[in-house]
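Undergrad: Input file: structure-v4.pdb. Contents: PDB, C-alpha atoms.
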```pdb
ATOM      1  CA  MET A 204      12.851 -17.676   8.125
ATOM      2  CA  ASP A 205      12.688 -19.509  11.501
ATOM      3  CA  ASP A 206      15.755 -19.564  13.740
ATOM      4  CA  ASP A 207      15.450 -23.268  14.615
ATOM      5  CA  GLY A 208      17.420 -24.310  11.525
ATOM      6  CA  ASP A 209      14.473 -26.148   9.910
ATOM      7  CA  ALA A 210      14.355 -24.010   6.772
ATOM      8  CA  ALA A 211      13.109 -26.593   4.285
ATOM      9  CA  PRO A 212       9.337 -26.271   4.984
ATOM     10  CA  ASP A 213       9.541 -22.476   4.589
ATOM     11  CA  HIS A 214      11.446 -22.544   1.292
ATOM     12  CA  ASP A 215       9.781 -20.274  -1.246
ATOM     13  CA  PRO A 216      10.898 -20.818  -4.870
ATOM     14  CA  ASP A 217       9.144 -17.580  -5.876
ATOM     15  CA  ALA A 218      11.311 -15.664  -3.421
ATOM     16  CA  ASP A 219      14.397 -17.263  -4.970
ATOM     17  CA  ALA A 220      13.233 -16.180  -8.413
ATOM     18  CA  ASP A 221      12.729 -12.624  -7.193
ATOM     19  CA  ALA A 222      16.188 -12.658  -5.610
ATOM     20  CA  ASP A 223      17.716 -13.817  -8.887
ATOM     21  CA  VAL A 224      16.017 -10.979 -10.737
ATOM     22  CA  ASP A 225      17.211  -8.484  -8.126
ATOM     23  CA  ALA A 226      20.797  -9.777  -8.294
ATOM     24  CA  ASP A 227      20.866  -9.646 -12.073
ATOM     25  CA  ALA A 228      19.317  -6.182 -12.055
ATOM     26  CA  SER A 229      21.952  -4.927  -9.657
ATOM     27  CA  ALA A 230      24.699  -6.226 -11.909
ATOM     28  CA  ALA A 231      23.079  -4.835 -15.023
ATOM     29  CA  THR A 232      22.578  -1.361 -13.624
ATOM     30  CA  SER A 233      26.199  -1.093 -12.506
ATOM     31  CA  ASP A 234      26.888  -0.042 -16.075
ATOM     32  CA  GLY A 235      23.786   1.168 -17.893
ATOM     33  CA  THR A 236      25.732   1.450 -21.136
ATOM     34  CA  ASP A 237      27.087  -2.096 -21.164
ATOM     35  CA  SER A 238      26.616  -3.575 -24.647
ATOM     36  CA  ASN A 239      26.025  -6.984 -23.016
ATOM     37  CA  PRO A 240      23.866  -6.267 -19.965
ATOM     38  CA  SER A 241      23.297  -9.019 -17.417
ATOM     39  CA  LEU A 242      19.526  -8.734 -17.765
ATOM     40  CA  SER A 243      17.827  -9.750 -20.962
ATOM     41  CA  VAL A 244      14.586  -8.286 -22.224
ATOM     42  CA  ASP A 245      12.743 -11.446 -21.179
ATOM     43  CA  GLU A 246      14.096 -11.161 -17.644
ATOM     44  CA  LEU A 247      12.969  -7.551 -17.436
ATOM     45  CA  VAL A 248       9.542  -8.577 -18.699
ATOM     46  CA  ASP A 249       9.439 -11.123 -15.861
ATOM     47  CA  TYR A 250      10.558  -8.405 -13.430
ATOM     48  CA  CYS A 251       7.660  -6.172 -14.482
ATOM     49  CA  HIS A 252       5.193  -9.046 -14.086
ATOM     50  CA  THR A 253       6.611  -9.761 -10.631
ATOM     51  CA  GLN A 254       6.214  -6.109  -9.616
ATOM     52  CA  ALA A 255       2.634  -6.135 -10.871
ATOM     53  CA  GLY A 256       1.916  -9.317  -8.924
ATOM     54  CA  LEU A 257       3.324  -7.875  -5.706
ATOM     55  CA  LEU A 258       1.218  -4.744  -6.114
ATOM     56  CA  SER A 259      -1.906  -6.801  -6.781
ATOM     57  CA  GLY A 260      -1.194  -8.856  -3.669
ATOM     58  CA  ARG A 261      -0.938  -5.659  -1.638
ATOM     59  CA  VAL A 262      -4.278  -4.544  -3.080
ATOM     60  CA  ASP A 263      -5.863  -7.797  -1.887
ATOM     61  CA  THR A 264      -4.501  -7.179   1.613
ATOM     62  CA  MET A 265      -5.787  -3.617   1.656
ATOM     63  CA  ALA A 266      -9.182  -4.802   0.413
ATOM     64  CA  THR A 267      -9.416  -7.155   3.401
ATOM     65  CA  GLU A 268      -8.452  -4.312   5.732
ATOM     66  CA  ALA A 269     -11.010  -2.035   4.087
ATOM     67  CA  ASP A 270     -13.757  -4.627   4.526
ATOM     68  CA  ALA A 271     -12.972  -4.896   8.226
ATOM     69  CA  LEU A 272     -13.024  -1.121   8.495
ATOM     70  CA  LEU A 273     -16.400  -0.928   6.765
ATOM     71  CA  ASP A 274     -17.751  -3.493   9.229
ATOM     72  CA  GLU A 275     -16.607  -1.247  12.077
ATOM     73  CA  ILE A 276     -18.282   1.727  10.416
ATOM     74  CA  ASP A 277     -21.549  -0.210  10.124
ATOM     75  CA  GLN A 278     -21.358  -1.162  13.793
ATOM     76  CA  ARG A 279     -20.708   2.420  14.892
ATOM     77  CA  THR A 280     -23.522   3.691  12.660
ATOM     78  CA  ALA A 281     -25.967   1.197  14.164
ATOM     79  CA  GLU A 282     -24.866   2.127  17.670
ATOM     80  CA  ILE A 283     -25.329   5.845  17.007
ATOM     81  CA  ARG A 284     -28.751   5.232  15.467
ATOM     82  CA  SER A 285     -29.810   3.167  18.472
ATOM     83  CA  ARG A 286     -28.703   5.834  20.924
ATOM     84  CA  LEU A 287     -30.433   8.572  18.957
ATOM     85  CA  GLU A 288     -33.664   6.601  18.978
ATOM     86  CA  ASP A 289     -33.449   6.313  22.769
ATOM     87  CA  LEU A 290     -32.499   9.941  23.286
ATOM     88  CA  PRO A 291     -35.950  11.652  22.969
ATOM     89  CA  ASP A 292     -37.351   9.732  25.953
ATOM     90  CA  ASP A 293     -34.378  10.735  28.034
ATOM     91  CA  VAL A 294     -34.721  14.366  27.021
ATOM     92  CA  GLU A 295     -38.456  14.314  27.690
ATOM     93  CA  ALA A 296     -37.825  12.834  31.099
ATOM     94  CA  THR A 297     -35.493  15.671  32.034
ATOM     95  CA  GLU A 298     -38.217  18.211  31.200
ATOM     96  CA  ARG A 299     -40.642  16.685  33.709
ATOM     97  CA  PRO A 300     -40.433  17.445  37.427
ATOM     98  CA  PRO A 301     -37.757  15.366  39.110
ATOM     99  CA  SER A 302     -38.931  11.989  40.359
ATOM    100  CA  THR A 303     -37.416   8.787  41.589
ATOM    101  CA  THR A 304     -37.930   7.140  38.201
ATOM    102  CA  ALA A 305     -36.843   9.943  35.825
ATOM    103  CA  PRO A 306     -33.158  10.062  34.843
ATOM    104  CA  ALA A 307     -31.101  12.964  36.088
ATOM    105  CA  SER A 308     -30.364  15.791  33.658
ATOM    106  CA  GLY A 309     -26.681  14.942  33.717
ATOM    107  CA  GLU A 310     -27.498  11.459  32.434
ATOM    108  CA  SER A 311     -28.871  12.899  29.179
ATOM    109  CA  ASP A 312     -25.802  15.090  28.841
ATOM    110  CA  VAL A 313     -23.617  12.011  29.131
ATOM    111  CA  ASP A 314     -25.627  10.300  26.390
ATOM    112  CA  LEU A 315     -25.190  13.285  24.093
ATOM    113  CA  GLU A 316     -21.449  13.393  24.755
ATOM    114  CA  ALA A 317     -21.157   9.674  24.079
ATOM    115  CA  ILE A 318     -23.069  10.040  20.805
ATOM    116  CA  GLU A 319     -20.854  12.943  19.728
ATOM    117  CA  ALA A 320     -17.757  10.881  20.540
ATOM    118  CA  LEU A 321     -19.099   8.005  18.447
ATOM    119  CA  GLN A 322     -19.855  10.371  15.578
ATOM    120  CA  ASP A 323     -16.311  11.761  15.704
ATOM    121  CA  GLU A 324     -14.922   8.213  15.676
ATOM    122  CA  LEU A 325     -17.208   7.319  12.787
ATOM    123  CA  GLU A 326     -16.026  10.294  10.742
ATOM    124  CA  GLU A 327     -12.384   9.336  11.343
ATOM    125  CA  LYS A 328     -13.020   5.773  10.205
ATOM    126  CA  GLN A 329     -14.874   7.003   7.116
ATOM    127  CA  LEU A 330     -11.933   9.234   6.176
ATOM    128  CA  LEU A 331      -9.571   6.313   6.738
ATOM    129  CA  ALA A 332     -11.713   4.074   4.525
ATOM    130  CA  GLU A 333     -11.728   6.697   1.759
ATOM    131  CA  ALA A 334      -7.946   7.073   1.981
ATOM    132  CA  LYS A 335      -7.485   3.304   1.839
ATOM    133  CA  HIS A 336      -9.676   3.006  -1.259
ATOM    134  CA  THR A 337      -7.733   5.832  -2.912
ATOM    135  CA  ARG A 338      -4.478   4.023  -2.119
ATOM    136  CA  MET A 339      -5.865   0.747  -3.447
ATOM    137  CA  GLN A 340      -6.744   2.465  -6.710
ATOM    138  CA  ALA A 341      -3.217   3.868  -7.023
ATOM    139  CA  PHE A 342      -1.711   0.395  -6.462
ATOM    140  CA  GLN A 343      -4.090  -1.143  -8.995
ATOM    141  CA  GLU A 344      -3.185   1.470 -11.599
ATOM    142  CA  LEU A 345       0.556   0.966 -11.104
ATOM    143  CA  ALA A 346       0.139  -2.813 -11.343
ATOM    144  CA  ALA A 347      -1.719  -2.366 -14.630
ATOM    145  CA  ASP A 348       0.997   0.013 -15.872
ATOM    146  CA  TYR A 349       3.719  -2.513 -15.016
ATOM    147  CA  THR A 350       1.801  -5.162 -16.962
ATOM    148  CA  GLU A 351       1.467  -2.803 -19.918
ATOM    149  CA  LEU A 352       5.178  -1.988 -19.731
ATOM    150  CA  ALA A 353       5.998  -5.702 -19.778
ATOM    151  CA  ALA A 354       3.964  -6.098 -22.964
ATOM    152  CA  ASP A 355       5.719  -3.102 -24.540
ATOM    153  CA  LEU A 356       9.142  -4.482 -23.674
ATOM    154  CA  ALA A 357       8.272  -7.870 -25.116
ATOM    155  CA  THR A 358       7.104  -6.432 -28.436
ATOM    156  CA  ASP A 359       9.023  -3.190 -28.955
ATOM    157  CA  VAL A 360      12.448  -3.590 -27.320
ATOM    158  CA  GLU A 361      15.307  -5.809 -28.452
ATOM    159  CA  SER A 362      18.206  -4.576 -26.330
ATOM    160  CA  GLY A 363      18.547  -5.365 -22.638
ATOM    161  CA  THR A 364      20.139  -1.950 -22.145
ATOM    162  CA  ASP A 365      17.150  -0.195 -23.706
ATOM    163  CA  ALA A 366      14.806  -2.312 -21.623
ATOM    164  CA  ILE A 367      16.615  -1.362 -18.413
ATOM    165  CA  ARG A 368      16.430   2.294 -19.388
ATOM    166  CA  ARG A 369      12.699   2.013 -20.067
ATOM    167  CA  VAL A 370      12.009   0.360 -16.725
ATOM    168  CA  VAL A 371      14.132   2.840 -14.761
ATOM    169  CA  GLU A 372      12.437   5.806 -16.439
ATOM    170  CA  PHE A 373       9.018   4.273 -15.805
ATOM    171  CA  GLU A 374       9.731   3.724 -12.111
ATOM    172  CA  ALA A 375      11.090   7.238 -11.727
ATOM    173  CA  ASP A 376       8.038   8.785 -13.398
ATOM    174  CA  ASN A 377       5.655   6.784 -11.179
ATOM    175  CA  ASP A 378       7.599   7.025  -7.895
ATOM    176  CA  ALA A 379       7.569   3.209  -7.820
ATOM    177  CA  PRO A 380       9.878   2.756  -4.796
ATOM    178  CA  ALA A 381       7.245   4.330  -2.532
ATOM    179  CA  TYR A 382       4.842   1.493  -3.361
ATOM    180  CA  PHE A 383       7.245  -1.234  -2.231
ATOM    181  CA  GLU A 384       8.526   0.224   1.049
ATOM    182  CA  GLU A 385       6.281  -1.992   3.196
ATOM    183  CA  GLN A 386       7.385  -5.095   1.279
ATOM    184  CA  ASP A 387      11.094  -4.311   1.659
ATOM    185  CA  ARG A 388      11.450  -4.695  -2.101
ATOM    186  CA  THR A 389      14.222  -2.868  -3.978
ATOM    187  CA  THR A 390      13.203  -1.554  -7.371
ATOM    188  CA  LEU A 391      15.404  -1.403 -10.452
ATOM    189  CA  LEU A 392      15.374   2.390 -10.128
ATOM    190  CA  GLU A 393      16.893   2.192  -6.647
ATOM    191  CA  MET A 394      19.526  -0.293  -7.830
ATOM    192  CA  ALA A 395      20.481   2.071 -10.652
ATOM    193  CA  ALA A 396      20.723   4.999  -8.222
ATOM    194  CA  GLU A 397      22.900   2.971  -5.851
ATOM    195  CA  ALA A 398      25.131   1.967  -8.765
ATOM    196  CA  ASP A 399      25.491   5.615  -9.799
ATOM    197  CA  ASP A 400      26.397   6.572  -6.228
ATOM    198  CA  THR A 401      28.999   3.810  -6.106
ATOM    199  CA  ASP A 402      30.504   4.937  -9.416
ATOM    200  CA  GLY A 403      30.565   8.523  -8.178
ATOM    201  CA  ASP A 404      32.333   7.564  -4.959
ATOM    202  CA  ALA A 405      34.892   5.542  -6.919
ATOM    203  CA  SER A 406      35.579   8.500  -9.208
ATOM    204  CA  THR A 407      36.071  10.769  -6.210
ATOM    205  CA  ASP A 408      38.482   8.309  -4.578
ATOM    206  CA  ASP A 409      40.483   8.141  -7.822
ATOM    207  CA  GLY A 410      40.583  11.908  -8.123
ATOM    208  CA  THR A 411      38.788  11.816 -11.449
ATOM    209  CA  GLU A 412      35.720  13.861 -10.498
TER
END
```
Write out the structure in this file as structure tokens.
TA:
Amino acid sequence: MDDDGDAAPDHDPDADADADVDADASAATSDGTDSNPSLSVDELVDYCHTQAGLLSGRVDTMATEADALLDEIDQRTAEIRSRLEDLPDDVEATERPPSTTAPASGESDVDLEAIEALQDELEEKQLLAEAKHTRMQAFQELAADYTELAADLATDVESGTDAIRRVVEFEADNDAPAYFEEQDRTTLLEMAAEADDTDGDASTDDGTE
């Protein structure tokens, strides 16, 4: 949000919807055994769809970054190939008797060092591209799993409490919070953990531990 007070153009109704889901989830997880939880099954289905959408959006961003990285790899590969094609003449020139037109031996050494440096850089970028594609696949799989969970909740679960439990267990099993760190998004699992910590602190203060 801008600091100039003109907030209307930047208003995002989707962000408000996400905030509502987060607020309701926080209230619901404050007592996981509440017979009338604040979140309904439908709201938790929407939550799962929202999580899947955020993950898919992150995949799109990473795909753009990966494309740019592949372009850099192509450029480095072409540069290395060009230098290697020019290298034999330089090497041959160093084997002839010195002349005013032949390059000095140190010049060929510099070319070789430059090529090796480019190859090292190329290998690093290739490893980075592989890691990014692996990460993209993990995000895609979790997005698909969230979508599948939403379908399961909609068809198999009637109680909001059971739905919360299913989502929390799912996020714990898949380490979901790690996927949303860059988006500053709090998962239902983290809300439940914070609620448990709050309840534990209250019990300690009351001397009922």
Undergrad: Given all atoms listed in the file as the basis, pick out the residue of A:Gln340, A:Leu325, A:Glu397, A:Thr267 nearest to Ala281 of chain A.
TA: A:Leu325
Undergrad: Of the residues A:Ala269, A:Asp378, A:Thr350, A:Glu344, which is the one nearest to Asp249 of chain A, using only C-alpha atoms?
TA: A:Thr350
Undergrad: I'd like the interatomic distance between atom CA of Ala381 of chain A and atom CA of Val248 of chain A, to a tenth of an Å.
TA: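 About the pair atom CA of Ala381 of chain A and atom CA of Val248 of chain A: they are 20.8 Å apart.
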Undergrad: As AutoDock Vina command-line options, what would the box around segment 282-288 of chain A look like: edges along x, y and z, 4 Å added on every side, centre and edge lengths in Å to one decimal?
TA:
```
--center_x -29.3 --center_y 5.3 --center_z 18.2 --size_x 16.8 --size_y 14.4 --size_z 13.5
```
Undergrad: Pick the closest to Arg388 of chain A from A:Gln254, A:Thr264, A:Gln343, A:Thr280: which is it, counting all atoms listed in the file?
TA: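 Among the listed residues, the smallest separation from Arg388 of chain A belongs to A:Gln254.
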Undergrad: For a test of reading the model, state the distance in Å between atom CA of Ala320 of chain A and atom CA of Arg338 of chain A, rounded to one decimal.
TA: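 Computing it gives 27.1 Å between the two atoms.
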Undergrad: Determine the residue set returned by the PyMOL selection byres ((chain A and resi 328-332) around 9) for the present structure, and present it as an mmCIF file with C-alpha atoms, keeping the file's coordinate frame.
TA:
```
data_model
loop_
_atom_site.group_PDB
_atom_site.id
_atom_site.type_symbol
_atom_site.label_atom_id
_atom_site.label_comp_id
_atom_site.auth_asym_id
_atom_site.auth_seq_id
_atom_site.Cartn_x
_atom_site.Cartn_y
_atom_site.Cartn_z
ATOM 1 C CA ALA A 269 -11.010 -2.035 4.087
ATOM 2 C CA ASP A 270 -13.757 -4.627 4.526
ATOM 3 C CA LEU A 272 -13.024 -1.121 8.495
ATOM 4 C CA LEU A 273 -16.400 -0.928 6.765
ATOM 5 C CA GLU A 275 -16.607 -1.247 12.077
ATOM 6 C CA ILE A 276 -18.282 1.727 10.416
ATOM 7 C CA ASP A 323 -16.311 11.761 15.704
ATOM 8 C CA GLU A 324 -14.922 8.213 15.676
ATOM 9 C CA LEU A 325 -17.208 7.319 12.787
ATOM 10 C CA GLU A 326 -16.026 10.294 10.742
ATOM 11 C CA GLU A 327 -12.384 9.336 11.343
ATOM 12 C CA GLU A 333 -11.728 6.697 1.759
ATOM 13 C CA ALA A 334 -7.946 7.073 1.981
ATOM 14 C CA LYS A 335 -7.485 3.304 1.839
ATOM 15 C CA HIS A 336 -9.676 3.006 -1.259
ATOM 16 C CA THR A 337 -7.733 5.832 -2.912
#
```
Undergrad: Considering all atoms listed in the file, return as a VMD selection string whatever protein or nucleic-acid residues lie within 12 Å of Arg369 of chain A, sequence-local ones (same chain, fewer than 5 positions apart) excluded.
TA: chain A and resid 235 244 247 to 248 251 349 352 to 353 355 to 357 359 to 364 374 to 376 391 to 392
Undergrad: Take the residues from that selection and put them in a file with C-alpha atoms, as a PDB file, keeping the file's coordinate frame.
TA:
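Written out: again.pdb:
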```
ATOM      1  CA  GLY A 235      23.786   1.168 -17.893  1.00  0.00           C
ATOM      2  CA  VAL A 244      14.586  -8.286 -22.224  1.00  0.00           C
ATOM      3  CA  LEU A 247      12.969  -7.551 -17.436  1.00  0.00           C
ATOM      4  CA  VAL A 248       9.542  -8.577 -18.699  1.00  0.00           C
ATOM      5  CA  CYS A 251       7.660  -6.172 -14.482  1.00  0.00           C
ATOM      6  CA  TYR A 349       3.719  -2.513 -15.016  1.00  0.00           C
ATOM      7  CA  LEU A 352       5.178  -1.988 -19.731  1.00  0.00           C
ATOM      8  CA  ALA A 353       5.998  -5.702 -19.778  1.00  0.00           C
ATOM      9  CA  ASP A 355       5.719  -3.102 -24.540  1.00  0.00           C
ATOM     10  CA  LEU A 356       9.142  -4.482 -23.674  1.00  0.00           C
ATOM     11  CA  ALA A 357       8.272  -7.870 -25.116  1.00  0.00           C
ATOM     12  CA  ASP A 359       9.023  -3.190 -28.955  1.00  0.00           C
ATOM     13  CA  VAL A 360      12.448  -3.590 -27.320  1.00  0.00           C
ATOM     14  CA  GLU A 361      15.307  -5.809 -28.452  1.00  0.00           C
ATOM     15  CA  SER A 362      18.206  -4.576 -26.330  1.00  0.00           C
ATOM     16  CA  GLY A 363      18.547  -5.365 -22.638  1.00  0.00           C
ATOM     17  CA  THR A 364      20.139  -1.950 -22.145  1.00  0.00           C
ATOM     18  CA  GLU A 374       9.731   3.724 -12.111  1.00  0.00           C
ATOM     19  CA  ALA A 375      11.090   7.238 -11.727  1.00  0.00           C
ATOM     20  CA  ASP A 376       8.038   8.785 -13.398  1.00  0.00           C
ATOM     21  CA  LEU A 391      15.404  -1.403 -10.452  1.00  0.00           C
ATOM     22  CA  LEU A 392      15.374   2.390 -10.128  1.00  0.00           C
TER      23      LEU A 392
END
```
Undergrad: When distances are computed from only C-alpha atoms, which of A:Leu257, A:Met265, A:Ile283, A:Ala395 shows the smallest separation from Ala317 of chain A?
TA: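 Once distances to Ala317 of chain A are computed over only C-alpha atoms, the minimum belongs to A:Ile283.
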Undergrad: Please report the interatomic distance between atom CA of Ser259 of chain A and atom CA of Ala346 of chain A in Å with one decimal.
TA: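 Going from atom CA of Ser259 of chain A over to atom CA of Ala346 of chain A, I get 6.4 Å.
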